[in-house]
Amino acid sequence: MTLSIRNIIPIIKANWFGNNDISIIDNISIDSRSLQNGEHTLFFAISGPNHDGHQYIEELISQGVQNFVVTHFDENLKSKANFLVVENTLEALQKFAAFYRNQFDFPIIGITGSNGKTIVKEWLNFLLSPDYNIIRSPKSYNSQVGVPLSIVAINEKHNLGIFEAGISLKNEMEKLQKIINPTIGILTNIGSAHDEGFADIGEKIKEKLKLFTSVKVLILNKNRTICAFINPKIKQFNWSSDDKSADVFVTKKKLDEITELNITYQEETFPVRIPFQDQASIENAIHCLMVMLYFGYNSKVIQIRLAQLYPVEMRLKVKNGIFNCTIIDDSYSSDFQSLKIALDFLEHQKQHKKKTIILSDIFQSGLTNEELYPQVSQLIISNKITRVIGIGETISQFKNKFINGICFKNVTEFIAAFDNLNFENETILIKGARDFHFEEIVSLLEEKTHETVLEINLNAISHNLNFFKSKLAPKTKLMVMVKAFGYGNGGFEIAKLLEHHKVDYLGVAFADEGISLKNAGISVPIMVLNPETTSFSSIIQHQLEPEIYSIKGLKAFLKIAEQKKLKHFPIHIKLDTGMHRLGFQENNLLELIKTLQGNETVKVKSILSHMATSDDLSHQEFAISQIELFENLSSQLISALKIKPIRHILNTSGISNYPEAQYDMVRLGIGLYGVSNDDEEQKYLENVGTLKSVISQIRTIEKGESVGYGRRFMAEKQTKVATIPIGYADGISRHLGNGVGYVIINQKKAIILGSVCMDMLMVDVTDIECKEGNTVIVFGERPTVNEIAKLLQTIPYEVLTSISQRVKRIFYRE
């Protein structure tokens, strides 16, 4: 569907200012950084507590964007673009999406619940796609912004929609209901996710059920509590494993590694086997089965298709590749909407100028191939992809649409030609439909390391960043610390994400960390907190900004700056207000002023200090004295030097405990990585890093036998022991041995036995159902880094930064 500005004005109740109200719109955007923005994009300038899309309008106009939905605009730009002025841009986006949705008349499945929404959506897409042309939410686009962006991707060729709706607060679902307007509802599991947004479980259930006010049928697990809240006018199609009065009665039994469901529906009873045994997957599969029954599928088709269900990978992963390549693994789906998202992610995470995409045939676009592949080509061109490698019978027919493109009929042909494709120093997006088995390509290109990995959740980093941003005054700048390899989580990838979020500064400890980031293409200003005098030349060469904390250091830097004939090179003056680690003290302030007065080779970009007790309110009096001394000393400097520097003293805990001392900037450290010293604040942060390994071997030992070096564990009874390939060389403290620490296997605690070895540790799995190859969680949601720190009588910083760089980092986005 194509609309003009003239069509859109009454839909969103806008006042129009501009010179071309017949301008055609074929793309909706809220992301100023997307390379897909262009002349026919309508950009909604969304404003939130931590961001404001209006500030990027002038930049977008220079890039060719001509159409904007805004609450206000600069009069100087009035003649340069079309402005649709509304009271609230998010509400305008939602109104537009609701209007757009109502132009189509085909079944729409709306899914909500606490857990399982995305999996049910993806499985339904797999199960129903042989018979329908489906449009669905990409990834987990289920928010107040994600839902409208999903809906506007519908086109005239689609005949079934599957959209998920997620909420965390009261009064959100009513808005999503108007946008999705589902004809079929699915209520998945109701759990504890986002409980903090609701007074009680009843309030949460009532809010979820608002999605289904106009559905023809609601599919759910029959539950007395939930059913009490459902409007009796809504037709239910329910299932149960203990209530035979349900529409569908399900019993289940486990067989080896599968589950057999016995389905009784109407006059028929039949078995269905699914390749899962965990309760969550069983429930999700039954919800899908219910949809198939409602659509009238026969038992034979249901049996065949449900047996082929597969684990859903909902994450875009960033991995190290061979020959200095970076791999973005999206090897489980290939549709037009998710391709757009993956290309944006590629741009945000690229580590090399050269960008390659390996792309399979694209399914379920709602377009003919003749319409689709020219659009794919334009999308790839707009994202400045260097090389396209197509795999599939269909994409091969459109090889001539791709600049610098090469195509193969299948993965086997690609593998045969692999050695001649010369992958080196490039970022590679691997984007393929599940049927193409692109995991074989990932395996070829991925750098080979051992089975222990640290998974970094980039969504969680964004969430935590925004949480702390919400505590800041509108004009307070933000420096984020990425020193010590991003507190053990990874340097460049996190810095790139922070650059994407437009933070004001990055902080590193030493020059080599900053140089590495600059060489990788990071353009955000980088401050070096502990520069050695021997690194000053390199700091200048790479446009880093040094912290200066002593007269000796200042004079050494000024000497080099004068030799290089620098002018106004940025430096940062560190004051010692009580930490007594680094910094100018009050008694050498006059010499500092005298040295800087009249010197034009440098410019004091900021004045800073560091709090010693911001995390411990029992030392509040001392913390306040530090802030007062900082105010006094920095004011003297500002007055004497007649400068207007950025002032900053607060670290992560300071942001929360001393908001009155935000000054011009704050420094966010470990809070970004999901760790707080305050138990109440911890509830609002998301876990960033999950350290995972696998079970290498399982053995059973008898009473009296020992485990590990020094025989420090002696079995008092027959014991089943699992060996995990992670040890103190990977950063696991030996103090966690001998029963102090534990890991999680199949959601159960496995106590560490005996001494932690260099490369291995052993755990007790006597009462845990497990096998070799099963996943082991060393830390993450459970045990948390905070828990491990308490066991070791240390701080979370030490736990995180101890993880060896030989442990592979995998970065992912949900």
# chains A, B, ... in the order shown; residues from 1 in each chain; ligands from 1
>>> residues_around(residues="segment 85-91 of chain A", least_positions_apart="4", cutoff="9 Å", atoms="only C-alpha atoms", output="list in words")
Ile12, Lys13, Ala14, Asn15, Trp16, Phe17, Phe44, Ala45, Ile46, Ser47, Phe68, Val69, Val70, Thr71, His72, Phe73, Lys95, Phe96, Gln144, Val145 and Lys175 of chain A
>>> select_by_dssp(residues="segment 373-590 of chain A", states="helix (DSSP H, G or I)", output="PyMOL selection string")
chain A and resi 373-382+393-397+399-401+411-420+434-436+439-445+458-469+483-487+492-500+511-519+533-541+551-563+586-590
>>> write_last_selection(atoms="C-alpha atoms", output="JSON list (two decimals), in the first residue's frame")
[["chain", "number", "residue", "atom", "x", "y", "z"],
["A", 373, "TYR", "CA", 14.46, -9.38, -5.31],
["A", 374, "PRO", "CA", 14.81, -5.89, -6.84],
["A", 375, "GLN", "CA", 13.68, -4.56, -3.43],
["A", 376, "VAL", "CA", 16.23, -6.80, -1.68],
["A", 377, "SER", "CA", 18.87, -5.47, -4.05],
["A", 378, "GLN", "CA", 17.97, -1.85, -3.23],
["A", 379, "LEU", "CA", 18.01, -2.66, 0.48],
["A", 380, "ILE", "CA", 21.49, -4.15, 0.20],
["A", 381, "ILE", "CA", 22.74, -1.21, -1.86],
["A", 382, "SER", "CA", 21.39, 1.31, 0.69],
["A", 393, "GLU", "CA", 17.57, -21.85, -6.57],
["A", 394, "THR", "CA", 15.46, -18.67, -6.56],
["A", 395, "ILE", "CA", 18.02, -16.06, -5.54],
["A", 396, "SER", "CA", 20.40, -17.54, -8.13],
["A", 397, "GLN", "CA", 17.93, -16.52, -10.83],
["A", 399, "LYS", "CA", 22.09, -12.84, -9.49],
["A", 400, "ASN", "CA", 22.31, -9.91, -11.91],
["A", 401, "LYS", "CA", 20.38, -7.73, -9.44],
["A", 411, "VAL", "CA", 25.10, -25.01, 0.69],
["A", 412, "THR", "CA", 26.98, -28.00, -0.76],
["A", 413, "GLU", "CA", 28.04, -25.91, -3.78],
["A", 414, "PHE", "CA", 29.08, -23.06, -1.47],
["A", 415, "ILE", "CA", 31.21, -25.37, 0.69],
["A", 416, "ALA", "CA", 32.90, -26.79, -2.44],
["A", 417, "ALA", "CA", 33.88, -23.24, -3.46],
["A", 418, "PHE", "CA", 34.70, -22.03, 0.06],
["A", 419, "ASP", "CA", 38.50, -21.93, -0.26],
["A", 420, "ASN", "CA", 38.27, -19.65, -3.29],
["A", 434, "ARG", "CA", 16.21, -22.84, 8.47],
["A", 435, "ASP", "CA", 15.81, -25.30, 5.59],
["A", 436, "PHE", "CA", 19.15, -24.21, 4.14],
["A", 439, "GLU", "CA", 24.73, -23.50, 10.63],
["A", 440, "GLU", "CA", 27.19, -25.44, 8.43],
["A", 441, "ILE", "CA", 28.40, -22.11, 7.00],
["A", 442, "VAL", "CA", 28.67, -20.59, 10.48],
["A", 443, "SER", "CA", 30.76, -23.58, 11.56],
["A", 444, "LEU", "CA", 33.13, -23.08, 8.61],
["A", 445, "LEU", "CA", 33.61, -19.36, 9.27],
["A", 458, "LEU", "CA", 23.27, -6.42, 24.01],
["A", 459, "ASN", "CA", 19.57, -5.79, 24.69],
["A", 460, "ALA", "CA", 20.32, -5.95, 28.41],
["A", 461, "ILE", "CA", 23.14, -3.42, 28.02],
["A", 462, "SER", "CA", 20.74, -1.07, 26.20],
["A", 463, "HIS", "CA", 18.14, -1.58, 28.95],
["A", 464, "ASN", "CA", 20.62, -0.88, 31.76],
["A", 465, "LEU", "CA", 22.00, 2.16, 29.94],
["A", 466, "ASN", "CA", 18.49, 3.59, 29.60],
["A", 467, "PHE", "CA", 17.70, 2.79, 33.23],
["A", 468, "PHE", "CA", 20.57, 4.97, 34.42],
["A", 469, "LYS", "CA", 19.87, 7.61, 31.79],
["A", 483, "LYS", "CA", 38.01, -0.22, 30.60],
["A", 484, "ALA", "CA", 39.35, -3.68, 31.48],
["A", 485, "PHE", "CA", 37.92, -5.20, 28.29],
["A", 486, "GLY", "CA", 34.48, -3.78, 29.11],
["A", 487, "TYR", "CA", 34.61, -5.14, 32.70],
["A", 492, "PHE", "CA", 34.79, -3.06, 20.86],
["A", 493, "GLU", "CA", 31.35, -4.64, 20.59],
["A", 494, "ILE", "CA", 30.08, -2.81, 23.66],
["A", 495, "ALA", "CA", 31.76, 0.43, 22.61],
["A", 496, "LYS", "CA", 30.05, 0.15, 19.23],
["A", 497, "LEU", "CA", 26.67, -0.29, 20.89],
["A", 498, "LEU", "CA", 27.31, 2.71, 23.14],
["A", 499, "GLU", "CA", 28.27, 4.76, 20.10],
["A", 500, "HIS", "CA", 24.97, 3.68, 18.54],
["A", 511, "ALA", "CA", 46.11, 4.21, 26.21],
["A", 512, "ASP", "CA", 46.33, 0.84, 24.47],
["A", 513, "GLU", "CA", 42.65, 0.17, 25.24],
["A", 514, "GLY", "CA", 41.68, 3.47, 23.64],
["A", 515, "ILE", "CA", 43.98, 2.96, 20.65],
["A", 516, "SER", "CA", 42.39, -0.43, 20.02],
["A", 517, "LEU", "CA", 38.93, 1.14, 19.97],
["A", 518, "LYS", "CA", 40.02, 4.00, 17.70],
["A", 519, "ASN", "CA", 41.68, 1.57, 15.30],
["A", 533, "THR", "CA", 53.87, 9.57, 30.36],
["A", 534, "THR", "CA", 55.37, 7.14, 27.85],
["A", 535, "SER", "CA", 51.99, 6.91, 26.13],
["A", 536, "PHE", "CA", 51.41, 10.63, 25.61],
["A", 537, "SER", "CA", 52.64, 10.66, 21.99],
["A", 538, "SER", "CA", 50.37, 7.75, 21.12],
["A", 539, "ILE", "CA", 47.45, 9.43, 22.87],
["A", 540, "ILE", "CA", 47.94, 12.53, 20.74],
["A", 541, "GLN", "CA", 48.42, 10.50, 17.56],
["A", 551, "ILE", "CA", 52.16, 18.51, 37.95],
["A", 552, "LYS", "CA", 54.85, 16.16, 36.67],
["A", 553, "GLY", "CA", 52.41, 14.56, 34.24],
["A", 554, "LEU", "CA", 51.02, 17.92, 33.14],
["A", 555, "LYS", "CA", 54.43, 19.35, 32.38],
["A", 556, "ALA", "CA", 55.43, 16.19, 30.49],
["A", 557, "PHE", "CA", 52.28, 16.41, 28.37],
["A", 558, "LEU", "CA", 52.69, 20.14, 27.74],
["A", 559, "LYS", "CA", 56.25, 19.59, 26.56],
["A", 560, "ILE", "CA", 55.15, 17.04, 23.96],
["A", 561, "ALA", "CA", 52.15, 19.17, 23.00],
["A", 562, "GLU", "CA", 54.39, 22.19, 22.39],
["A", 563, "GLN", "CA", 56.82, 20.11, 20.32],
["A", 586, "GLU", "CA", 44.31, 21.43, 47.37],
["A", 587, "ASN", "CA", 47.88, 22.32, 48.29],
["A", 588, "ASN", "CA", 49.10, 22.15, 44.67],
["A", 589, "LEU", "CA", 46.13, 23.90, 43.10],
["A", 590, "LEU", "CA", 47.97, 27.22, 42.75]]
>>> atom_distance(atom1="atom CA of Met762 of chain A", atom2="atom CA of Asp256 of chain A")
26.2 Å
>>> residues_around(residues="segment 28-39 of chain A", least_positions_apart="3", cutoff="9 Å", atoms="only C-alpha atoms", output="PyMOL selection string")
chain A and resi 23-25+42-46+53+56-57+59-60+63-67+145+149+152+340+343-344+347-348+379+382-384+500
>>> closest_residue(among="A:Gly18, A:Val388, A:Asp131, A:His568", to="Val301 of chain A", atoms="only C-alpha atoms")
A:Asp131
>>> residues_around(residues="Ser802 of chain A", least_positions_apart="4", cutoff="8 Å", atoms="only C-alpha atoms", output="list in words")
Gly488, Asp730, Gly731, Ile732 and Glu798 of chain A
>>> residues_around(residues="His352 of chain A", least_positions_apart="5", cutoff="8 Å", atoms="only C-alpha atoms", output="ChimeraX atom specification")
/A:425-427,520
>>> write_last_selection(atoms="N, CA, C and O atoms", output="tab-separated table (two decimals), in the first residue's frame")
chain	number	residue	atom	x	y	z
A	425	ASN	N	39.27	-10.14	6.93
A	425	ASN	CA	39.11	-8.75	7.37
A	425	ASN	C	37.77	-8.16	6.94
A	425	ASN	O	37.70	-7.09	6.33
A	426	GLU	N	36.68	-8.85	7.24
A	426	GLU	CA	35.36	-8.37	6.86
A	426	GLU	C	34.34	-8.77	7.91
A	426	GLU	O	34.55	-9.69	8.69
A	427	THR	N	33.22	-8.05	7.93
A	427	THR	CA	32.09	-8.42	8.77
A	427	THR	C	31.10	-9.16	7.89
A	427	THR	O	30.69	-8.66	6.84
A	520	ALA	N	39.59	0.38	15.63
A	520	ALA	CA	38.43	-0.40	15.20
A	520	ALA	C	37.31	0.48	14.66
A	520	ALA	O	36.27	-0.01	14.26
